[in-house]
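File shown: upload_6.cif (mmCIF, C-alpha atoms).
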data_final
#
loop_
_atom_site.label_atom_id
_atom_site.label_comp_id
_atom_site.auth_asym_id
_atom_site.auth_seq_id
_atom_site.Cartn_x
_atom_site.Cartn_y
_atom_site.Cartn_z
CA MET C 161 10.89 -46.16 126.69
CA LYS C 162 13.77 -48.47 125.68
CA LYS C 163 16.16 -45.51 125.39
CA ARG C 164 15.21 -44.32 128.84
CA THR C 165 15.85 -47.78 130.33
CA LEU C 166 19.18 -48.02 128.52
CA TYR C 167 20.28 -44.58 129.81
CA LEU C 168 19.23 -45.50 133.32
CA ALA C 169 21.16 -48.78 133.19
CA LEU C 170 24.26 -47.06 131.80
CA SER C 171 24.03 -44.36 134.48
CA ILE C 172 23.88 -46.99 137.23
CA ILE C 173 26.84 -48.88 135.76
CA MET C 174 28.91 -45.68 135.52
CA LEU C 175 28.01 -44.80 139.09
CA LEU C 176 29.10 -48.22 140.34
CA PHE C 177 32.41 -48.03 138.49
CA SER C 178 33.11 -44.55 139.84
CA MET C 179 32.47 -45.80 143.40
CA ALA C 180 34.76 -48.85 143.07
CA PRO C 181 38.06 -47.02 143.80
CA ALA C 182 36.56 -45.33 146.87
CA MET C 183 35.18 -48.62 148.16
CA ALA C 184 38.51 -50.37 147.56
CA ALA C 185 40.41 -47.67 149.43
CA SER C 186 38.11 -47.97 152.45
CA THR C 187 39.13 -51.58 153.14
CA ARG C 188 42.29 -50.30 154.87
CA ALA C 189 42.13 -48.93 158.38
CA SER C 190 44.71 -46.25 157.47
CA ASP C 191 47.87 -45.61 155.43
CA TYR C 192 49.82 -47.70 157.96
CA ILE C 193 47.29 -50.20 159.35
CA SER C 194 45.75 -52.75 157.02
CA ARG C 195 43.52 -54.40 159.63
CA TYR C 196 43.40 -55.04 163.35
CA SER C 197 41.35 -56.93 165.92
CA SER C 198 41.30 -57.90 169.56
CA ASP C 199 39.32 -60.03 171.99
CA VAL C 200 39.20 -60.87 175.69
CA LYS C 201 38.20 -64.14 177.39
CA VAL C 202 37.95 -65.32 180.97
CA LEU C 203 39.93 -68.50 181.57
CA SER C 204 39.94 -70.71 184.65
CA ASP C 205 40.60 -69.08 188.03
CA SER C 206 39.39 -65.67 186.71
CA GLU C 207 42.50 -65.24 184.56
CA ILE C 208 41.73 -62.92 181.62
CA ALA C 209 43.36 -63.54 178.23
CA ILE C 210 43.78 -60.39 176.12
CA TRP C 211 44.38 -61.24 172.45
CA PHE C 212 45.33 -58.70 169.79
CA SER C 213 46.40 -58.75 166.15
CA ILE C 214 47.49 -56.03 163.74
CA TYR C 215 48.60 -56.02 160.10
CA GLY C 216 50.62 -53.21 158.56
CA THR C 217 50.05 -52.04 154.99
CA ASP C 218 53.70 -52.88 154.34
CA GLU C 219 56.65 -54.01 156.45
CA MET C 220 56.58 -51.67 159.44
CA ASP C 221 59.49 -50.43 161.54
CA CYS C 222 57.42 -51.30 164.62
CA LEU C 223 53.99 -52.91 164.96
CA GLY C 224 51.90 -54.06 167.92
CA ALA C 225 50.17 -52.72 171.02
CA GLU C 226 51.19 -49.26 172.24
CA LYS C 227 49.50 -49.96 175.57
CA ILE C 228 46.90 -52.13 177.26
CA SER C 229 45.13 -50.44 180.16
CA ILE C 230 43.04 -52.54 182.53
CA TYR C 231 40.49 -50.86 184.80
CA GLU C 232 38.26 -52.38 187.47
CA ASN C 233 34.72 -51.13 188.05
CA LEU C 234 34.27 -49.52 191.46
CA GLY C 235 30.58 -48.75 190.99
CA ASN C 236 30.63 -45.12 189.93
CA ARG C 237 34.20 -44.96 188.58
CA TRP C 238 36.96 -47.00 186.93
CA ARG C 239 40.33 -47.52 188.63
CA MET C 240 43.41 -48.59 186.64
CA VAL C 241 44.82 -51.84 188.04
CA GLU C 242 47.32 -52.86 185.33
CA LEU C 243 49.18 -51.25 182.45
CA PHE C 244 51.21 -52.98 179.74
CA GLU C 245 53.29 -50.62 177.61
CA ARG C 246 54.92 -50.78 174.18
CA GLY C 247 58.38 -51.66 175.54
CA ASP C 248 57.09 -54.56 177.65
CA THR C 249 57.72 -58.13 176.53
CA GLY C 250 55.21 -59.36 173.94
CA MET C 251 53.73 -55.97 173.09
CA SER C 252 55.37 -55.18 169.74
CA GLU C 253 57.82 -56.33 167.12
CA THR C 254 60.11 -54.60 164.65
CA ASP C 255 60.46 -55.02 160.87
CA THR C 256 57.29 -57.03 160.31
CA TYR C 257 53.98 -57.01 158.42
CA HIS C 258 51.93 -58.70 161.15
CA PHE C 259 52.05 -59.05 164.90
CA GLN C 260 49.75 -60.83 167.33
CA ASN C 261 50.02 -61.96 170.91
CA VAL C 262 48.12 -62.76 174.09
CA LYS C 263 48.69 -60.98 177.41
CA TYR C 264 47.26 -62.34 180.67
CA PHE C 265 45.81 -60.63 183.72
CA SER C 266 44.68 -62.25 186.98
CA GLY C 267 41.25 -60.84 187.75
CA GLU C 268 39.11 -61.08 190.87
CA PRO C 269 36.04 -63.33 190.51
CA GLY C 270 32.87 -61.31 189.91
CA THR C 271 34.71 -58.04 189.20
CA GLU C 272 33.92 -56.13 185.99
CA TYR C 273 36.91 -54.91 183.96
CA LYS C 274 37.31 -52.43 181.14
CA ILE C 275 40.27 -53.23 178.90
CA SER C 276 41.54 -50.59 176.48
CA ILE C 277 43.98 -51.75 173.79
CA VAL C 278 45.85 -49.20 171.64
CA LEU C 279 47.24 -50.90 168.52
CA PHE C 280 49.80 -49.08 166.38
CA ALA C 281 51.90 -49.21 163.24
CA GLU C 282 55.02 -47.11 162.73
CA SER C 283 57.27 -46.67 159.72
CA GLY C 284 59.84 -44.12 158.64
CA SER C 285 57.07 -42.12 156.99
CA GLY C 286 54.66 -41.97 159.90
CA TYR C 287 52.60 -43.48 162.70
CA ASP C 288 48.96 -44.39 163.30
CA SER C 289 47.00 -46.12 166.04
CA ARG C 290 43.54 -47.52 166.73
CA THR C 291 41.89 -48.18 170.10
CA ARG C 292 39.64 -51.09 171.00
CA THR C 293 37.77 -51.30 174.30
CA HIS C 294 36.32 -54.46 175.86
CA TYR C 295 34.23 -55.05 178.98
CA ILE C 296 34.36 -58.38 180.80
CA THR C 297 33.55 -59.85 184.21
CA ALA C 298 36.09 -62.25 185.71
#
Mind turning this structure into structure tokens?
Amino acid sequence: MKKRTLYLALSIIMLLFSMAPAMAASTRASDYISRYSSDVKVLSDSEIAIWFSIYGTDEMDCLGAEKISIYENLGNRWRMVELFERGDTGMSETDTYHFQNVKYFSGEPGTEYKISIVLFAESGSGYDSRTRTHYITA
């Protein structure tokens, strides 16, 4: 009985140690993106603040938001009302590990918006992106 318990305990320990490298590797979003996040808030006068943050796994050639697409709900469909792109002011930065910013959009009171944010990291060895989508009523 004691041998059986010992073998079981050793088996569990070996299993946990073999899983550790896989678990450690999964903390990154990708080979280029360490972590990323975004949020949206309604400010006074129905102004919407769109916050985003992204960390590269190393210093990146370019890091930030590839695009932010803002759609208004028209009942049975979404219509794009604003688009911020990578080259616009405050969307990305070069030669950095981390980039964050806030973009603003003037919404109409009571209107529902869908905001799609594509975050990216680019280096000489490659590119990757992640998309976050938020829904908010101004």
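The space between CA of Leu223 in chain C and CA of Ser289 in chain C spans 9.8 Å.
Shortest atom-to-atom contact with Gly284 in chain C among C:Asn261, C:Trp211, C:Leu243, C:Tyr192: C:Tyr192, counting only C-alpha atoms.
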Which is closer to Tyr264 in chain C than all the others in C:Asp191, C:Glu207, C:Glu226, C:Asp199, using all atoms listed in the file? C:Glu207
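Between CA of Phe212 in chain C and CA of Glu232 in chain C the interatomic distance comes to 20.1 Å.
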Close residues, Ile230 in chain C itself excluded, 7 Å, all atoms listed in the file, min 3 positions apart in chain, as a PyMOL selection string: chain C and resi 240-243+273-276
File of the preceding selection, C-alpha atoms, as an mmCIF file, in the frame of the given file:
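Generated output (selection.cif):
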data_model
loop_
_atom_site.group_PDB
_atom_site.id
_atom_site.type_symbol
_atom_site.label_atom_id
_atom_site.label_comp_id
_atom_site.auth_asym_id
_atom_site.auth_seq_id
_atom_site.Cartn_x
_atom_site.Cartn_y
_atom_site.Cartn_z
ATOM 1 C CA MET C 240 43.410 -48.590 186.640
ATOM 2 C CA VAL C 241 44.820 -51.840 188.040
ATOM 3 C CA GLU C 242 47.320 -52.860 185.330
ATOM 4 C CA LEU C 243 49.180 -51.250 182.450
ATOM 5 C CA TYR C 273 36.910 -54.910 183.960
ATOM 6 C CA LYS C 274 37.310 -52.430 181.140
ATOM 7 C CA ILE C 275 40.270 -53.230 178.900
ATOM 8 C CA SER C 276 41.540 -50.590 176.480
#
Give as a PDB file with C-alpha atoms, in the coordinates of the input the residues that the PyMOL selection byres ((chain C and resi 294-296) around 9) matches when applied to the coordinates above.
ATOM      1  CA  SER C 198      41.300 -57.900 169.560  1.00  0.00           C
ATOM      2  CA  ASP C 199      39.320 -60.030 171.990  1.00  0.00           C
ATOM      3  CA  VAL C 200      39.200 -60.870 175.690  1.00  0.00           C
ATOM      4  CA  LYS C 201      38.200 -64.140 177.390  1.00  0.00           C
ATOM      5  CA  VAL C 202      37.950 -65.320 180.970  1.00  0.00           C
ATOM      6  CA  ILE C 208      41.730 -62.920 181.620  1.00  0.00           C
ATOM      7  CA  THR C 271      34.710 -58.040 189.200  1.00  0.00           C
ATOM      8  CA  GLU C 272      33.920 -56.130 185.990  1.00  0.00           C
ATOM      9  CA  TYR C 273      36.910 -54.910 183.960  1.00  0.00           C
ATOM     10  CA  LYS C 274      37.310 -52.430 181.140  1.00  0.00           C
ATOM     11  CA  ILE C 275      40.270 -53.230 178.900  1.00  0.00           C
ATOM     12  CA  SER C 276      41.540 -50.590 176.480  1.00  0.00           C
ATOM     13  CA  ILE C 277      43.980 -51.750 173.790  1.00  0.00           C
ATOM     14  CA  ARG C 292      39.640 -51.090 171.000  1.00  0.00           C
ATOM     15  CA  THR C 293      37.770 -51.300 174.300  1.00  0.00           C
ATOM     16  CA  THR C 297      33.550 -59.850 184.210  1.00  0.00           C
ATOM     17  CA  ALA C 298      36.090 -62.250 185.710  1.00  0.00           C
TER      18      ALA C 298
END
Let me make sure I understand: among C:Ala225, C:Val278, C:Ala209, C:Ile214, which one has the smallest atom-to-atom distance to Ser252 in chain C if we use only C-alpha atoms? C:Ala225
Do you know which residues the PyMOL selection byres ((chain C and resi 220) around 10) returns on this file, as a PyMOL selection string? chain C and resi 192-193+215-219+221-224+253-258+281-287
Near Phe244 in chain C, within 7 Å and counting all atoms listed in the file, which residues show up once chain neighbours fewer than 2 positions away are dropped, as a PyMOL selection string? chain C and resi 227-229+242+248
Record the distance separating CA of Leu203 in chain C and CA of Phe265 in chain C, expressed in Å with one decimal. 10.1 Å
Please, can range 229-240 of chain C be completed to all heavy atoms and returned as an mmCIF file, in the frame of the given file?
data_model
loop_
_atom_site.group_PDB
_atom_site.id
_atom_site.type_symbol
_atom_site.label_atom_id
_atom_site.label_comp_id
_atom_site.auth_asym_id
_atom_site.auth_seq_id
_atom_site.Cartn_x
_atom_site.Cartn_y
_atom_site.Cartn_z
ATOM 1 N N SER C 229 45.514 -50.960 178.842
ATOM 2 C CA SER C 229 45.130 -50.440 180.160
ATOM 3 C C SER C 229 43.968 -51.260 180.685
ATOM 4 O O SER C 229 42.973 -51.444 179.984
ATOM 5 C CB SER C 229 44.697 -48.973 180.054
ATOM 6 O OG SER C 229 45.682 -48.205 179.401
ATOM 7 N N ILE C 230 44.090 -51.732 181.919
ATOM 8 C CA ILE C 230 43.040 -52.540 182.530
ATOM 9 C C ILE C 230 42.493 -51.796 183.740
ATOM 10 O O ILE C 230 43.251 -51.396 184.633
ATOM 11 C CB ILE C 230 43.581 -53.923 182.943
ATOM 12 C CG1 ILE C 230 44.203 -54.625 181.724
ATOM 13 C CG2 ILE C 230 42.476 -54.769 183.569
ATOM 14 C CD1 ILE C 230 44.955 -55.884 182.044
ATOM 15 N N TYR C 231 41.165 -51.594 183.731
ATOM 16 C CA TYR C 231 40.490 -50.860 184.800
ATOM 17 C C TYR C 231 39.467 -51.769 185.462
ATOM 18 O O TYR C 231 38.803 -52.547 184.781
ATOM 19 C CB TYR C 231 39.725 -49.651 184.230
ATOM 20 C CG TYR C 231 40.574 -48.693 183.444
ATOM 21 C CD1 TYR C 231 40.814 -48.895 182.089
ATOM 22 C CD2 TYR C 231 41.133 -47.576 184.049
ATOM 23 C CE1 TYR C 231 41.584 -48.008 181.356
ATOM 24 C CE2 TYR C 231 41.906 -46.677 183.330
ATOM 25 C CZ TYR C 231 42.128 -46.900 181.979
ATOM 26 O OH TYR C 231 42.887 -46.014 181.263
ATOM 27 N N GLU C 232 39.311 -51.648 186.789
ATOM 28 C CA GLU C 232 38.260 -52.380 187.470
ATOM 29 C C GLU C 232 37.127 -51.410 187.796
ATOM 30 O O GLU C 232 37.357 -50.218 188.058
ATOM 31 C CB GLU C 232 38.766 -53.065 188.740
ATOM 32 C CG GLU C 232 39.165 -52.155 189.854
ATOM 33 C CD GLU C 232 39.611 -52.915 191.099
ATOM 34 O OE1 GLU C 232 39.380 -54.130 191.212
ATOM 35 O OE2 GLU C 232 40.210 -52.265 191.975
ATOM 36 N N ASN C 233 35.902 -51.933 187.776
ATOM 37 C CA ASN C 233 34.720 -51.130 188.050
ATOM 38 C C ASN C 233 34.529 -51.014 189.559
ATOM 39 O O ASN C 233 34.383 -52.009 190.244
ATOM 40 C CB ASN C 233 33.496 -51.753 187.399
ATOM 41 C CG ASN C 233 32.279 -50.866 187.476
ATOM 42 O OD1 ASN C 233 32.216 -49.936 188.271
ATOM 43 N ND2 ASN C 233 31.305 -51.160 186.631
ATOM 44 N N LEU C 234 34.501 -49.780 190.036
ATOM 45 C CA LEU C 234 34.270 -49.520 191.460
ATOM 46 C C LEU C 234 32.892 -48.914 191.690
ATOM 47 O O LEU C 234 32.691 -48.138 192.610
ATOM 48 C CB LEU C 234 35.354 -48.592 192.021
ATOM 49 C CG LEU C 234 36.784 -49.125 191.981
ATOM 50 C CD1 LEU C 234 37.766 -48.086 192.491
ATOM 51 C CD2 LEU C 234 36.911 -50.426 192.762
ATOM 52 N N GLY C 235 31.946 -49.254 190.856
ATOM 53 C CA GLY C 235 30.580 -48.750 190.990
ATOM 54 C C GLY C 235 30.348 -47.500 190.175
ATOM 55 O O GLY C 235 29.752 -47.546 189.122
ATOM 56 N N ASN C 236 30.856 -46.368 190.651
ATOM 57 C CA ASN C 236 30.630 -45.120 189.930
ATOM 58 C C ASN C 236 31.898 -44.591 189.242
ATOM 59 O O ASN C 236 31.897 -43.483 188.719
ATOM 60 C CB ASN C 236 30.064 -44.045 190.865
ATOM 61 C CG ASN C 236 31.011 -43.728 192.010
ATOM 62 O OD1 ASN C 236 31.998 -44.420 192.215
ATOM 63 N ND2 ASN C 236 30.700 -42.676 192.754
ATOM 64 N N ARG C 237 32.971 -45.375 189.261
ATOM 65 C CA ARG C 237 34.200 -44.960 188.580
ATOM 66 C C ARG C 237 35.056 -46.183 188.232
ATOM 67 O O ARG C 237 34.832 -47.279 188.753
ATOM 68 C CB ARG C 237 34.993 -43.971 189.425
ATOM 69 C CG ARG C 237 35.567 -44.539 190.700
ATOM 70 C CD ARG C 237 36.278 -43.458 191.533
ATOM 71 N NE ARG C 237 36.771 -44.022 192.772
ATOM 72 C CZ ARG C 237 38.002 -44.499 192.936
ATOM 73 N NH1 ARG C 237 38.863 -44.483 191.947
ATOM 74 N NH2 ARG C 237 38.373 -45.000 194.100
ATOM 75 N N TRP C 238 36.019 -45.957 187.333
ATOM 76 C CA TRP C 238 36.960 -47.000 186.930
ATOM 77 C C TRP C 238 38.328 -46.684 187.518
ATOM 78 O O TRP C 238 38.780 -45.537 187.467
ATOM 79 C CB TRP C 238 37.068 -47.059 185.407
ATOM 80 C CG TRP C 238 35.817 -47.507 184.733
ATOM 81 C CD1 TRP C 238 34.854 -46.708 184.198
ATOM 82 C CD2 TRP C 238 35.381 -48.841 184.531
ATOM 83 N NE1 TRP C 238 33.847 -47.468 183.670
ATOM 84 C CE2 TRP C 238 34.147 -48.791 183.856
ATOM 85 C CE3 TRP C 238 35.903 -50.096 184.849
ATOM 86 C CZ2 TRP C 238 33.436 -49.926 183.495
ATOM 87 C CZ3 TRP C 238 35.198 -51.229 184.492
ATOM 88 C CH2 TRP C 238 33.983 -51.138 183.823
ATOM 89 N N ARG C 239 38.990 -47.691 188.072
ATOM 90 C CA ARG C 239 40.330 -47.520 188.630
ATOM 91 C C ARG C 239 41.304 -48.407 187.866
ATOM 92 O O ARG C 239 41.081 -49.609 187.706
ATOM 93 C CB ARG C 239 40.351 -47.911 190.110
ATOM 94 C CG ARG C 239 41.744 -47.773 190.743
ATOM 95 C CD ARG C 239 41.699 -48.064 192.237
ATOM 96 N NE ARG C 239 41.441 -49.463 192.509
ATOM 97 C CZ ARG C 239 42.393 -50.348 192.852
ATOM 98 N NH1 ARG C 239 43.650 -49.980 192.953
ATOM 99 N NH2 ARG C 239 42.066 -51.610 193.103
ATOM 100 N N MET C 240 42.414 -47.808 187.372
ATOM 101 C CA MET C 240 43.410 -48.590 186.640
ATOM 102 C C MET C 240 44.117 -49.547 187.600
ATOM 103 O O MET C 240 44.564 -49.141 188.673
ATOM 104 C CB MET C 240 44.442 -47.709 185.946
ATOM 105 C CG MET C 240 45.420 -48.531 185.111
ATOM 106 S SD MET C 240 46.728 -47.566 184.343
ATOM 107 C CE MET C 240 45.814 -46.697 183.104
#
